[in-house]
>>> print(open('start_13.cif').read())   # mmCIF, C-alpha atoms
data_upload
loop_
_atom_site.label_atom_id
_atom_site.label_comp_id
_atom_site.auth_asym_id
_atom_site.auth_seq_id
_atom_site.Cartn_x
_atom_site.Cartn_y
_atom_site.Cartn_z
CA MET A 10 -25.01 -7.09 -24.48
CA GLU A 11 -26.05 -7.65 -20.88
CA ALA A 12 -24.55 -5.90 -17.91
CA GLU A 13 -22.86 -9.05 -16.53
CA THR A 14 -20.96 -9.65 -19.77
CA MET A 15 -19.93 -6.02 -19.99
CA LYS A 16 -18.60 -6.06 -16.44
CA LEU A 17 -16.44 -9.12 -17.06
CA LEU A 18 -15.16 -7.69 -20.32
CA ALA A 19 -14.41 -4.38 -18.65
CA ALA A 20 -12.50 -6.13 -15.85
CA GLY A 21 -10.38 -8.01 -18.35
CA ILE A 22 -9.59 -4.94 -20.43
CA CYS A 23 -8.88 -2.88 -17.31
CA MET A 24 -6.32 -5.28 -15.89
CA GLY A 25 -4.77 -6.01 -19.29
CA LEU A 26 -4.24 -2.42 -20.31
CA GLY A 27 -3.35 -1.40 -16.78
CA ALA A 28 -0.46 -3.84 -16.68
CA LEU A 29 1.16 -2.52 -19.89
CA GLY A 30 2.63 0.70 -18.52
CA PRO A 31 3.98 -0.63 -15.20
CA GLY A 32 5.44 -3.67 -16.95
CA ILE A 33 7.41 -1.53 -19.36
CA GLY A 34 8.32 0.88 -16.57
CA ILE A 35 9.70 -1.87 -14.34
CA GLY A 36 11.67 -3.24 -17.29
CA ILE A 37 13.24 0.17 -17.90
CA LEU A 38 14.10 0.43 -14.21
CA GLY A 39 15.75 -2.97 -14.35
CA LEU A 40 17.73 -1.90 -17.42
CA GLY A 41 19.00 1.18 -15.61
CA ALA A 42 19.92 -0.84 -12.54
CA MET A 43 21.75 -3.48 -14.56
CA GLN A 44 23.73 -0.86 -16.47
CA ALA A 45 24.63 0.93 -13.25
CA LEU A 46 25.69 -2.36 -11.65
CA GLY A 47 27.81 -3.17 -14.66
CA ARG A 48 29.62 0.12 -14.46
CA ASN A 49 30.12 0.12 -10.71
CA PRO A 50 29.65 -3.26 -9.02
CA GLU A 51 30.71 -1.84 -5.66
CA ALA A 52 27.66 0.41 -5.40
CA ARG A 53 25.41 -2.63 -5.24
CA GLY A 54 23.71 -1.64 -1.95
CA PRO A 55 22.37 1.81 -2.87
CA ILE A 56 21.54 0.72 -6.42
CA MET A 57 19.44 -2.22 -5.28
CA THR A 58 17.70 -0.22 -2.55
CA ASN A 59 16.74 2.59 -4.90
CA MET A 60 15.70 0.14 -7.60
CA ILE A 61 13.33 -1.69 -5.25
CA LEU A 62 11.87 1.64 -4.11
CA ALA A 63 11.26 2.81 -7.67
CA ILE A 64 9.79 -0.57 -8.67
CA ALA A 65 7.30 -0.29 -5.81
CA PHE A 66 6.12 3.07 -7.13
CA ALA A 67 5.67 1.68 -10.65
CA GLU A 68 3.93 -1.45 -9.38
CA ALA A 69 1.45 0.58 -7.35
CA VAL A 70 -0.12 1.82 -10.58
CA ALA A 71 -0.70 -1.76 -11.73
CA ILE A 72 -2.25 -2.49 -8.35
CA TYR A 73 -4.70 0.39 -8.82
CA ALA A 74 -5.84 -1.27 -12.06
CA LEU A 75 -6.12 -4.61 -10.23
CA VAL A 76 -8.31 -3.06 -7.54
CA VAL A 77 -10.64 -1.57 -10.16
CA ALA A 78 -10.88 -4.95 -11.92
CA ILE A 79 -11.64 -6.76 -8.65
CA VAL A 80 -14.30 -4.19 -7.77
CA LEU A 81 -15.85 -4.63 -11.23
CA ILE A 82 -16.10 -8.39 -10.90
CA PHE A 83 -17.08 -8.84 -7.29
CA VAL A 84 -18.75 -5.67 -6.10
CA ALA A 85 -20.31 -3.77 -9.01
CA MET B 24 33.25 -38.40 0.25
CA PRO B 25 31.24 -40.20 -2.43
CA LYS B 26 28.76 -38.05 -4.34
CA ARG B 27 25.30 -38.63 -2.95
CA GLY B 28 23.09 -37.91 -5.91
CA PHE B 29 21.15 -34.67 -6.21
CA LEU B 30 20.89 -32.25 -3.24
CA GLY B 31 22.51 -34.85 -0.98
CA LEU B 32 19.65 -37.35 -1.31
CA LYS B 33 19.84 -40.74 -2.97
CA ARG B 34 18.33 -40.86 -6.45
CA PRO B 35 15.55 -43.46 -5.82
CA PHE B 36 14.26 -41.36 -2.91
CA LEU B 37 14.12 -38.28 -5.09
CA GLY B 38 12.45 -40.25 -7.83
CA ALA B 39 9.77 -41.45 -5.41
CA VAL B 40 9.13 -37.91 -4.13
CA PHE B 41 8.86 -36.62 -7.68
CA LEU B 42 6.40 -39.36 -8.63
CA ILE B 43 4.26 -38.60 -5.56
CA ILE B 44 4.14 -34.91 -6.48
CA VAL B 45 3.19 -35.70 -10.06
CA ALA B 46 0.48 -38.12 -8.86
CA LEU B 47 -0.96 -35.50 -6.49
CA PHE B 48 -0.93 -32.94 -9.26
CA GLY B 49 -2.66 -35.35 -11.63
CA ILE B 50 -5.39 -36.30 -9.16
CA SER B 51 -6.11 -32.73 -8.20
CA PHE B 52 -6.04 -31.63 -11.84
CA ILE B 53 -8.69 -34.20 -12.71
CA SER B 54 -10.86 -33.42 -9.72
CA GLY B 55 -10.32 -29.66 -9.68
CA ALA B 56 -12.13 -27.08 -11.73
CA LEU B 57 -9.78 -27.27 -14.74
CA GLY B 58 -10.17 -31.03 -15.09
CA ARG B 59 -13.89 -30.88 -14.53
CA SER B 60 -14.37 -28.40 -17.31
CA ILE B 61 -12.17 -30.35 -19.75
CA LEU B 62 -13.01 -33.95 -18.89
CA GLY B 63 -16.44 -33.58 -17.39
CA ASP B 64 -17.68 -35.09 -14.13
CA LEU B 65 -15.82 -38.38 -13.60
CA GLY B 66 -17.60 -39.23 -10.37
CA LEU B 67 -14.63 -38.61 -8.05
CA PRO B 68 -15.45 -38.12 -4.35
CA SER B 69 -16.66 -34.61 -3.61
CA TRP B 70 -14.06 -33.97 -0.91
CA LEU B 71 -11.40 -33.81 -3.63
CA SER B 72 -12.78 -30.66 -5.21
CA VAL B 73 -12.87 -27.11 -3.88
CA SER B 74 -15.95 -24.91 -4.20
CA ARG B 75 -15.76 -21.69 -6.18
CA PRO B 76 -14.19 -18.90 -4.10
CA ASP B 77 -16.42 -15.99 -3.23
CA PRO B 78 -14.15 -13.17 -2.12
CA HIS B 79 -15.99 -10.51 -0.25
CA LEU B 80 -14.04 -7.26 -0.24
CA PRO B 81 -15.49 -5.57 2.86
CA PRO B 82 -14.61 -7.53 6.02
CA GLU B 83 -17.32 -9.69 7.57
CA VAL B 84 -18.57 -9.07 11.10
CA VAL B 85 -18.00 -12.01 13.45
CA PHE B 86 -19.68 -10.69 16.61
CA ARG B 87 -20.57 -7.42 18.28
CA LEU B 88 -18.91 -6.06 21.39
CA PHE B 89 -21.05 -3.43 23.18
CA GLY B 90 -22.63 -2.64 19.82
CA PHE B 91 -19.23 -2.24 18.10
CA PRO B 92 -18.81 -4.69 15.19
CA ILE B 93 -15.75 -6.92 15.49
CA THR B 94 -14.72 -8.17 12.05
CA ASN B 95 -12.51 -11.13 11.27
CA THR B 96 -9.69 -8.82 10.20
CA ILE B 97 -9.74 -7.10 13.59
CA LEU B 98 -9.36 -10.53 15.21
CA ALA B 99 -6.40 -11.26 12.93
CA SER B 100 -4.74 -7.94 13.78
CA TRP B 101 -5.21 -8.67 17.50
CA LEU B 102 -3.54 -12.01 16.90
CA SER B 103 -0.53 -10.35 15.27
CA ILE B 104 -0.34 -7.78 18.09
CA LEU B 105 -0.33 -10.69 20.58
CA THR B 106 2.39 -12.42 18.56
CA LEU B 107 4.62 -9.33 18.54
CA VAL B 108 4.08 -8.67 22.25
CA ALA B 109 4.75 -12.33 23.09
CA ILE B 110 7.98 -12.37 21.05
CA SER B 111 9.17 -9.10 22.62
CA PHE B 112 8.35 -10.35 26.11
CA ALA B 113 10.14 -13.65 25.56
CA VAL B 114 13.19 -11.88 24.18
CA THR B 115 13.55 -9.23 26.87
CA ARG B 116 12.67 -11.39 29.86
CA ARG B 117 16.25 -12.40 30.53
CA MET B 118 18.36 -10.10 28.38
CA ARG B 119 22.06 -10.78 28.44
CA LEU B 120 24.94 -8.74 27.08
CA ILE B 121 26.02 -11.71 24.96
CA PRO B 122 22.69 -12.67 23.42
CA GLN B 123 21.39 -16.19 22.96
CA LYS B 124 19.15 -17.72 20.26
CA LEU B 125 15.84 -15.78 20.10
CA GLN B 126 17.47 -12.57 21.28
CA VAL B 127 20.00 -12.86 18.44
CA ILE B 128 17.25 -13.11 15.84
CA PHE B 129 15.27 -10.18 17.20
CA GLU B 130 18.38 -8.04 17.71
CA SER B 131 19.56 -8.69 14.16
CA VAL B 132 16.15 -7.74 12.73
CA LEU B 133 16.02 -4.51 14.72
CA GLY B 134 19.66 -3.77 13.93
CA TRP B 135 19.00 -4.18 10.22
CA LEU B 136 16.00 -1.81 10.45
CA LEU B 137 18.01 0.78 12.38
CA LYS B 138 20.81 0.58 9.81
CA LEU B 139 18.26 1.09 7.02
CA CYS B 140 16.85 4.17 8.76
CA GLN B 141 20.28 5.63 9.36
CA ASP B 142 21.45 4.92 5.81
CA VAL B 143 18.52 6.80 4.33
CA ALA B 144 17.99 9.61 6.85
CA GLY B 145 21.40 10.14 8.46
CA GLU B 146 22.58 9.36 11.97
CA GLU B 147 20.32 11.27 14.35
CA ASN B 148 17.29 11.61 12.07
CA GLY B 149 17.47 7.88 11.43
CA ARG B 150 17.32 7.21 15.15
CA ARG B 151 14.39 9.62 15.44
CA PHE B 152 12.38 7.98 12.67
CA PHE B 153 13.26 4.44 13.72
CA PRO B 154 10.35 3.68 16.13
CA LEU B 155 7.62 4.52 13.64
CA VAL B 156 9.30 2.86 10.65
CA ALA B 157 10.13 -0.30 12.60
CA SER B 158 6.61 -0.52 14.05
CA ILE B 159 5.00 -0.17 10.65
CA PHE B 160 7.37 -2.73 9.14
CA LEU B 161 6.90 -5.33 11.89
CA PHE B 162 3.13 -4.90 12.06
CA VAL B 163 2.63 -5.19 8.29
CA ILE B 164 4.97 -8.15 7.90
CA ILE B 165 3.48 -10.12 10.81
CA ASN B 166 -0.03 -9.42 9.46
CA ALA B 167 0.96 -10.62 6.00
CA TRP B 168 2.83 -13.74 7.10
CA LEU B 169 0.32 -14.86 9.74
CA SER B 170 -2.42 -14.87 7.10
CA LEU B 171 -0.56 -17.67 5.30
CA LEU B 172 -0.87 -20.06 8.23
CA PRO B 173 -3.56 -22.76 8.23
CA GLY B 174 -6.66 -21.54 10.02
CA PHE B 175 -6.89 -18.22 8.23
CA GLY B 176 -9.86 -18.52 5.93
CA SER B 177 -10.71 -22.11 6.78
CA ILE B 178 -12.49 -21.91 10.15
CA VAL B 179 -16.09 -21.01 9.34
CA LEU B 180 -18.69 -19.81 11.86
CA THR B 181 -22.17 -18.33 11.62
CA GLY B 182 -21.69 -14.61 11.83
CA ALA B 183 -23.66 -11.78 13.39
CA GLU B 184 -26.17 -11.60 10.55
CA GLY B 185 -26.55 -15.36 10.29
CA GLU B 186 -24.45 -16.12 7.20
CA ALA B 187 -21.33 -18.30 7.10
CA VAL B 188 -18.30 -16.25 8.04
CA HIS B 189 -14.58 -17.00 8.28
CA LEU B 190 -13.17 -16.64 11.76
CA LEU B 191 -9.87 -15.13 10.70
CA ARG B 192 -8.82 -13.18 7.61
CA GLY B 193 -5.51 -11.50 6.84
CA ALA B 194 -5.57 -8.07 8.48
CA ASN B 195 -4.00 -6.29 5.51
CA THR B 196 -6.90 -7.30 3.25
CA ASP B 197 -9.27 -4.97 5.08
CA ILE B 198 -8.92 -1.54 3.50
CA ASN B 199 -9.30 0.19 6.86
CA LEU B 200 -5.96 -1.03 8.20
CA PRO B 201 -3.77 0.28 5.33
CA LEU B 202 -5.76 3.53 5.48
CA ALA B 203 -5.08 3.83 9.22
CA LEU B 204 -1.36 3.16 8.74
CA ALA B 205 -1.19 5.67 5.87
CA LEU B 206 -2.87 8.35 7.99
CA ILE B 207 -0.50 7.66 10.90
CA SER B 208 2.54 7.94 8.65
CA PHE B 209 1.16 11.13 7.05
CA VAL B 210 0.59 12.77 10.45
CA PHE B 211 4.07 11.81 11.65
CA VAL B 212 5.80 13.04 8.48
CA GLU B 213 4.05 16.41 8.71
CA TYR B 214 4.81 16.62 12.44
CA TRP B 215 8.51 15.99 11.89
CA GLY B 216 8.55 18.52 9.07
CA ILE B 217 6.94 21.18 11.27
CA ARG B 218 9.29 20.35 14.16
CA SER B 219 12.40 20.64 12.05
CA ALA B 220 11.36 23.83 10.25
CA GLY B 221 10.54 25.40 13.59
CA GLY B 222 6.83 25.98 13.29
CA LEU B 223 4.53 27.25 10.59
CA ARG B 224 7.49 28.02 8.31
CA TYR B 225 7.11 24.44 7.09
CA PHE B 226 3.98 25.43 5.23
CA SER B 227 5.91 27.95 3.15
CA ARG B 228 6.80 24.87 1.11
CA PHE B 229 3.20 24.65 -0.02
CA LEU B 230 2.18 28.32 0.04
CA ASN B 231 5.24 29.62 -1.78
CA VAL B 232 4.17 33.24 -2.28
CA SER B 233 7.38 34.95 -1.18
CA ARG B 234 8.83 35.44 -4.65
CA PHE B 235 5.50 36.58 -6.04
CA LEU B 236 5.08 39.20 -3.33
CA ARG B 237 8.65 40.39 -3.79
CA GLY B 238 7.93 40.74 -7.51
CA LEU B 239 4.84 42.82 -6.75
CA GLY B 240 6.93 45.01 -4.46
CA LYS B 241 9.58 45.60 -7.10
CA PHE B 242 6.92 46.21 -9.74
CA PHE B 243 5.28 48.96 -7.72
CA LYS B 244 8.62 50.51 -6.78
CA GLY B 245 9.33 51.11 -10.43
CA LYS B 246 11.89 48.40 -11.29
CA LEU B 247 9.74 46.95 -14.04
CA ARG B 248 12.10 44.36 -15.59
CA ASP B 249 13.12 42.80 -12.27
CA GLY B 250 9.52 42.91 -11.16
CA ILE B 251 8.24 41.05 -14.22
CA SER B 252 10.79 38.23 -13.88
CA PHE B 253 10.12 37.83 -10.16
CA LEU B 254 6.37 37.86 -10.80
CA PHE B 255 6.68 35.17 -13.46
CA ASN B 256 8.85 32.89 -11.32
CA GLY B 257 6.58 33.62 -8.38
CA VAL B 258 3.54 32.32 -10.24
CA ILE B 259 5.45 29.14 -11.10
CA ASP B 260 6.44 28.81 -7.43
CA ILE B 261 2.83 29.09 -6.30
CA PHE B 262 1.79 26.43 -8.78
CA VAL B 263 4.58 24.09 -7.67
CA GLY B 264 3.57 24.62 -4.06
CA ILE B 265 -0.02 23.62 -4.77
CA LEU B 266 1.21 20.51 -6.58
CA GLU B 267 3.41 19.58 -3.62
CA ALA B 268 0.47 19.92 -1.25
CA LEU B 269 -1.68 17.75 -3.52
CA SER B 270 1.02 15.12 -3.77
CA GLU B 271 1.26 14.96 0.02
CA LEU B 272 -2.46 14.21 0.20
CA VAL B 273 -2.48 11.74 -2.70
CA ARG B 274 0.30 9.89 -0.89
CA ILE B 275 -2.28 8.69 1.66
CA VAL B 276 -4.40 7.17 -1.11
CA SER B 277 -1.45 5.56 -2.83
CA PHE B 278 -0.09 4.00 0.39
CA THR B 279 -3.51 2.58 1.17
CA PHE B 280 -4.17 1.08 -2.23
CA ARG B 281 -0.65 -0.26 -2.71
CA LEU B 282 -0.79 -2.35 0.48
CA PHE B 283 -4.47 -3.27 0.19
CA GLY B 284 -4.25 -4.18 -3.51
CA ASN B 285 -1.15 -6.33 -3.12
CA MET B 286 -2.51 -8.24 -0.14
CA THR B 287 -6.06 -8.73 -1.45
CA GLY B 288 -4.79 -9.63 -4.90
CA GLY B 289 -2.47 -12.22 -3.40
CA GLU B 290 -5.27 -13.72 -1.31
CA ILE B 291 -7.64 -13.96 -4.29
CA LEU B 292 -4.82 -15.42 -6.42
CA ILE B 293 -4.17 -18.22 -3.93
CA LEU B 294 -7.91 -18.92 -3.57
CA ILE B 295 -8.32 -19.21 -7.32
CA MET B 296 -5.25 -21.40 -7.69
CA LEU B 297 -6.65 -23.69 -5.00
CA PHE B 298 -9.95 -23.75 -6.85
CA LEU B 299 -8.36 -24.67 -10.21
CA VAL B 300 -5.90 -27.38 -9.15
CA PRO B 301 -6.33 -28.00 -5.42
CA TRP B 302 -3.08 -29.57 -4.32
CA VAL B 303 0.21 -28.66 -5.92
CA LEU B 304 -0.36 -25.53 -7.99
CA ALA B 305 -0.74 -23.13 -5.05
CA VAL B 306 2.72 -23.86 -3.56
CA PRO B 307 4.73 -21.45 -5.78
CA PHE B 308 2.09 -18.79 -5.12
CA TYR B 309 2.56 -19.28 -1.39
CA GLY B 310 6.23 -18.52 -1.93
CA LEU B 311 5.26 -15.44 -3.91
CA GLU B 312 3.00 -14.32 -1.06
CA LEU B 313 5.83 -14.72 1.45
CA LEU B 314 8.10 -12.56 -0.69
CA LEU B 315 5.36 -10.00 -1.35
CA GLY B 316 4.54 -9.68 2.34
CA PHE B 317 8.15 -8.83 3.11
CA VAL B 318 8.49 -6.45 0.13
CA GLN B 319 5.27 -4.58 0.89
CA ALA B 320 6.23 -4.13 4.54
CA LEU B 321 9.64 -2.84 3.44
CA ILE B 322 8.02 -0.50 0.91
CA PHE B 323 5.55 0.94 3.41
CA GLY B 324 8.19 1.55 6.07
CA GLY B 325 10.83 2.63 3.56
CA LEU B 326 8.57 5.13 1.81
CA THR B 327 7.52 6.62 5.14
CA LEU B 328 11.22 6.99 5.93
CA VAL B 329 11.99 8.61 2.55
CA PHE B 330 9.13 11.10 2.79
CA ALA B 331 10.08 11.99 6.35
CA THR B 332 13.66 12.62 5.21
CA ILE B 333 12.41 14.87 2.41
CA ALA B 334 10.11 16.77 4.79
CA VAL B 335 12.89 17.32 7.32
CA ALA B 336 15.46 18.39 4.73
CA ALA B 337 13.15 20.57 2.65
CA HIS B 338 13.53 23.79 4.56
CA ARG B 339 17.30 23.70 4.26
CA ARG B 340 17.11 24.00 0.49
CA GLU B 341 15.65 27.51 0.67
CA GLU B 342 18.41 28.90 2.86
CA ALA B 343 21.32 27.67 0.70
#
>>> encode(input="start_13.cif", output="structure tokens")
Amino acid sequence: MEAETMKLLAAGICMGLGALGPGIGIGILGLGAMQALGRNPEARGPIMTNMILAIAFAEAVAIYALVVAIVLIFVA
Amino acid sequence: MPKRGFLGLKRPFLGAVFLIIVALFGISFISGALGRSILGDLGLPSWLSVSRPDPHLPPEVVFRLFGFPITNTILASWLSILTLVAISFAVTRRMRLIPQKLQVIFESVLGWLLKLCQDVAGEENGRRFFPLVASIFLFVIINAWLSLLPGFGSIVLTGAEGEAVHLLRGANTDINLPLALALISFVFVEYWGIRSAGGLRYFSRFLNVSRFLRGLGKFFKGKLRDGISFLFNGVIDIFVGILEALSELVRIVSFTFRLFGNMTGGEILILIMLFLVPWVLAVPFYGLELLLGFVQALIFGGLTLVFATIAVAAHRREEA
């Protein structure tokens, strides 16, 4: 298999597998936030702020995978 | 008042708008890359199709100033600096106690940012962290939103090395700018930590050898059981301190790649959507880019604020 094919395959696998963990993580965060909102609708401000913060952390990992995939396709 | 159809518009008007959108989508689908690969070349005029995007991760040099290369992302960041300075100048030129129009908008934005800082960090610390957090937020969001305007990525010149180069490119897509902002926020967070702990005592958070040394002292004085437990916990403390130091440094890398990856990924996404179906498909992704620009600016500023709060409060934990 030639190098060009391998690079494209690697980019696809990298982004695909790299999006699994953060996707599940963000879903779990959403679950926690929804449950907390259901129990205490008045605490909406702090809950939403902390949820967005935690989602940004989880999403950053997916972005690392995206950067590696972009580098594989366009630079390497 | 009689009901006026959907969204306040008469139904035939809405129907016409919908038909126009569907027609545009159909034409661009046929002439774009998707249609061309499914239906083959139907001989449509070449100005209807978009050439394959060629994203170039490092920024391209537009010209050289005294031997210093000026890239298109530097030009874009100068443009956003000019925008911010112009807005501030226009707002503060004739400030009144009861604000009017533009001053209201700017005051409400700054008031919201100050409230965010004070909610997270407390009253006086929030006021202390506010200039840096607000500057980072405003700079990142103006960079991100300006890059959505027409002109960014469409004006093409011949660059310094002779190849075709875009005149302007979103400033956040150059990895140097997120790196610079991450370094600035790192330096400020450490500075505030050192200031609040009163000097080099701040570094006892990373070089946590006090319990270990106390354990050694007890061990050699003969209290073996106390000494062993202090030694054990002391080793764990040292390890935790090293991990904390590492996580401070890795924070720079994660800030950089979070902002850079989001912005570059968004730019490449819009380019590819424009390549596949030129006219209608990219509109929802423009909305996504607007939202992402705001969220990433909020994340960058908000995380700086959170880490500064942790650094300032850390030394108080030991004394309790």
>>> atom_distance(input="start_13.cif", atom1="CA of Leu62 in chain B", atom2="CA of Ile295 in chain B")
19.3 Å
>>> interface_residues(input="start_13.cif", of="chain A", to="chain B", cutoff="12 Å", atoms="all atoms listed in the file", output="PyMOL selection string")
chain A and resi 24+54-55+58-85
>>> atom_distance(input="start_13.cif", atom1="CA of Thr196 in chain B", atom2="CA of Ser177 in chain B")
15.7 Å
>>> resolve_selection(input="start_13.cif", expression="the PyMOL selection byres ((chain B and resi 70) around 12)", output="NGL selection string")
:B and (51 or 54-55 or 66-69 or 71-74 or 301)
>>> write_last_selection(input="start_13.cif", atoms="C-alpha atoms", output="compact mmCIF listing (two decimals), in the coordinates of the input")
# COMPACT_ATOMS: atom_id res chain seq x y z
CA SER B 51 -6.11 -32.73 -8.20
CA SER B 54 -10.86 -33.42 -9.72
CA GLY B 55 -10.32 -29.66 -9.68
CA GLY B 66 -17.60 -39.23 -10.37
CA LEU B 67 -14.63 -38.61 -8.05
CA PRO B 68 -15.45 -38.12 -4.35
CA SER B 69 -16.66 -34.61 -3.61
CA LEU B 71 -11.40 -33.81 -3.63
CA SER B 72 -12.78 -30.66 -5.21
CA VAL B 73 -12.87 -27.11 -3.88
CA SER B 74 -15.95 -24.91 -4.20
CA PRO B 301 -6.33 -28.00 -5.42
>>> residues_near_point(input="start_13.cif", point="(4.4, -5.4, 6.7)", cutoff="10 Å", atoms="all atoms listed in the file", output="PDB file with C-alpha atoms, in the coordinates of the input")
ATOM      1  CA  ALA B 157      10.130  -0.300  12.600  1.00  0.00           C
ATOM      2  CA  SER B 158       6.610  -0.520  14.050  1.00  0.00           C
ATOM      3  CA  ILE B 159       5.000  -0.170  10.650  1.00  0.00           C
ATOM      4  CA  PHE B 160       7.370  -2.730   9.140  1.00  0.00           C
ATOM      5  CA  LEU B 161       6.900  -5.330  11.890  1.00  0.00           C
ATOM      6  CA  PHE B 162       3.130  -4.900  12.060  1.00  0.00           C
ATOM      7  CA  VAL B 163       2.630  -5.190   8.290  1.00  0.00           C
ATOM      8  CA  ILE B 164       4.970  -8.150   7.900  1.00  0.00           C
ATOM      9  CA  ILE B 165       3.480 -10.120  10.810  1.00  0.00           C
ATOM     10  CA  ASN B 166      -0.030  -9.420   9.460  1.00  0.00           C
ATOM     11  CA  ALA B 167       0.960 -10.620   6.000  1.00  0.00           C
ATOM     12  CA  TRP B 168       2.830 -13.740   7.100  1.00  0.00           C
ATOM     13  CA  ASN B 195      -4.000  -6.290   5.510  1.00  0.00           C
ATOM     14  CA  LEU B 282      -0.790  -2.350   0.480  1.00  0.00           C
ATOM     15  CA  LEU B 315       5.360 -10.000  -1.350  1.00  0.00           C
ATOM     16  CA  GLY B 316       4.540  -9.680   2.340  1.00  0.00           C
ATOM     17  CA  PHE B 317       8.150  -8.830   3.110  1.00  0.00           C
ATOM     18  CA  VAL B 318       8.490  -6.450   0.130  1.00  0.00           C
ATOM     19  CA  GLN B 319       5.270  -4.580   0.890  1.00  0.00           C
ATOM     20  CA  ALA B 320       6.230  -4.130   4.540  1.00  0.00           C
ATOM     21  CA  LEU B 321       9.640  -2.840   3.440  1.00  0.00           C
ATOM     22  CA  ILE B 322       8.020  -0.500   0.910  1.00  0.00           C
ATOM     23  CA  PHE B 323       5.550   0.940   3.410  1.00  0.00           C
ATOM     24  CA  GLY B 324       8.190   1.550   6.070  1.00  0.00           C
TER      25      GLY B 324
END
>>> resolve_selection(input="start_13.cif", expression="the PyMOL selection byres ((chain B and resi 215) around 10)", output="PyMOL selection string")
chain B and resi 148+151-152+210-214+216-221+225+331-332+334-335
>>> resolve_selection(input="start_13.cif", expression="the PyMOL selection byres ((chain B and resi 99) around 9)", output="number ranges by chain")
B: 94-98, 100-104, 166, 169-170, 175, 190-194
>>> write_last_selection(input="start_13.cif", atoms="C-alpha atoms", output="PDB file, in the coordinates of the input")
ATOM      1  CA  THR B  94     -14.720  -8.170  12.050  1.00  0.00           C
ATOM      2  CA  ASN B  95     -12.510 -11.130  11.270  1.00  0.00           C
ATOM      3  CA  THR B  96      -9.690  -8.820  10.200  1.00  0.00           C
ATOM      4  CA  ILE B  97      -9.740  -7.100  13.590  1.00  0.00           C
ATOM      5  CA  LEU B  98      -9.360 -10.530  15.210  1.00  0.00           C
ATOM      6  CA  SER B 100      -4.740  -7.940  13.780  1.00  0.00           C
ATOM      7  CA  TRP B 101      -5.210  -8.670  17.500  1.00  0.00           C
ATOM      8  CA  LEU B 102      -3.540 -12.010  16.900  1.00  0.00           C
ATOM      9  CA  SER B 103      -0.530 -10.350  15.270  1.00  0.00           C
ATOM     10  CA  ILE B 104      -0.340  -7.780  18.090  1.00  0.00           C
ATOM     11  CA  ASN B 166      -0.030  -9.420   9.460  1.00  0.00           C
ATOM     12  CA  LEU B 169       0.320 -14.860   9.740  1.00  0.00           C
ATOM     13  CA  SER B 170      -2.420 -14.870   7.100  1.00  0.00           C
ATOM     14  CA  PHE B 175      -6.890 -18.220   8.230  1.00  0.00           C
ATOM     15  CA  LEU B 190     -13.170 -16.640  11.760  1.00  0.00           C
ATOM     16  CA  LEU B 191      -9.870 -15.130  10.700  1.00  0.00           C
ATOM     17  CA  ARG B 192      -8.820 -13.180   7.610  1.00  0.00           C
ATOM     18  CA  GLY B 193      -5.510 -11.500   6.840  1.00  0.00           C
ATOM     19  CA  ALA B 194      -5.570  -8.070   8.480  1.00  0.00           C
TER      20      ALA B 194
END
>>> atom_distance(input="start_13.cif", atom1="CA of Tyr309 in chain B", atom2="CA of Leu137 in chain B")
28.8 Å
>>> axis_aligned_box(input="start_13.cif", around="range 287-292 of chain B", padding_each_side="5 Å", output="lines of an AutoDock Vina configuration file")
center_x = -5.1
center_y = -12.1
center_z = -3.9
size_x = 15.2
size_y = 16.7
size_z = 15.1
>>> build_atoms(input="start_13.cif", residues="range 95-103 of chain B", atoms="N, CA and C atoms", output="PDB file, keeping the file's coordinate frame")
ATOM      1  N   ASN B  95     -13.535 -10.093  11.191  1.00  0.00           N
ATOM      2  CA  ASN B  95     -12.510 -11.130  11.270  1.00  0.00           C
ATOM      3  C   ASN B  95     -11.116 -10.548  11.049  1.00  0.00           C
ATOM      4  N   THR B  96     -11.017  -9.415  10.351  1.00  0.00           N
ATOM      5  CA  THR B  96      -9.690  -8.820  10.200  1.00  0.00           C
ATOM      6  C   THR B  96      -9.213  -8.159  11.485  1.00  0.00           C
ATOM      7  N   ILE B  97     -10.153  -7.647  12.291  1.00  0.00           N
ATOM      8  CA  ILE B  97      -9.740  -7.100  13.590  1.00  0.00           C
ATOM      9  C   ILE B  97      -9.198  -8.223  14.465  1.00  0.00           C
ATOM     10  N   LEU B  98      -9.863  -9.400  14.425  1.00  0.00           N
ATOM     11  CA  LEU B  98      -9.360 -10.530  15.210  1.00  0.00           C
ATOM     12  C   LEU B  98      -7.961 -10.919  14.753  1.00  0.00           C
ATOM     13  N   ALA B  99      -7.732 -10.904  13.428  1.00  0.00           N
ATOM     14  CA  ALA B  99      -6.400 -11.260  12.930  1.00  0.00           C
ATOM     15  C   ALA B  99      -5.371 -10.232  13.354  1.00  0.00           C
ATOM     16  N   SER B 100      -5.734  -8.938  13.362  1.00  0.00           N
ATOM     17  CA  SER B 100      -4.740  -7.940  13.780  1.00  0.00           C
ATOM     18  C   SER B 100      -4.473  -8.052  15.267  1.00  0.00           C
ATOM     19  N   TRP B 101      -5.479  -8.422  16.075  1.00  0.00           N
ATOM     20  CA  TRP B 101      -5.210  -8.670  17.500  1.00  0.00           C
ATOM     21  C   TRP B 101      -4.244  -9.829  17.666  1.00  0.00           C
ATOM     22  N   LEU B 102      -4.434 -10.854  16.815  1.00  0.00           N
ATOM     23  CA  LEU B 102      -3.540 -12.010  16.900  1.00  0.00           C
ATOM     24  C   LEU B 102      -2.105 -11.610  16.585  1.00  0.00           C
ATOM     25  N   SER B 103      -1.910 -10.730  15.582  1.00  0.00           N
ATOM     26  CA  SER B 103      -0.530 -10.350  15.270  1.00  0.00           C
ATOM     27  C   SER B 103       0.034  -9.431  16.344  1.00  0.00           C
TER      28      SER B 103
END
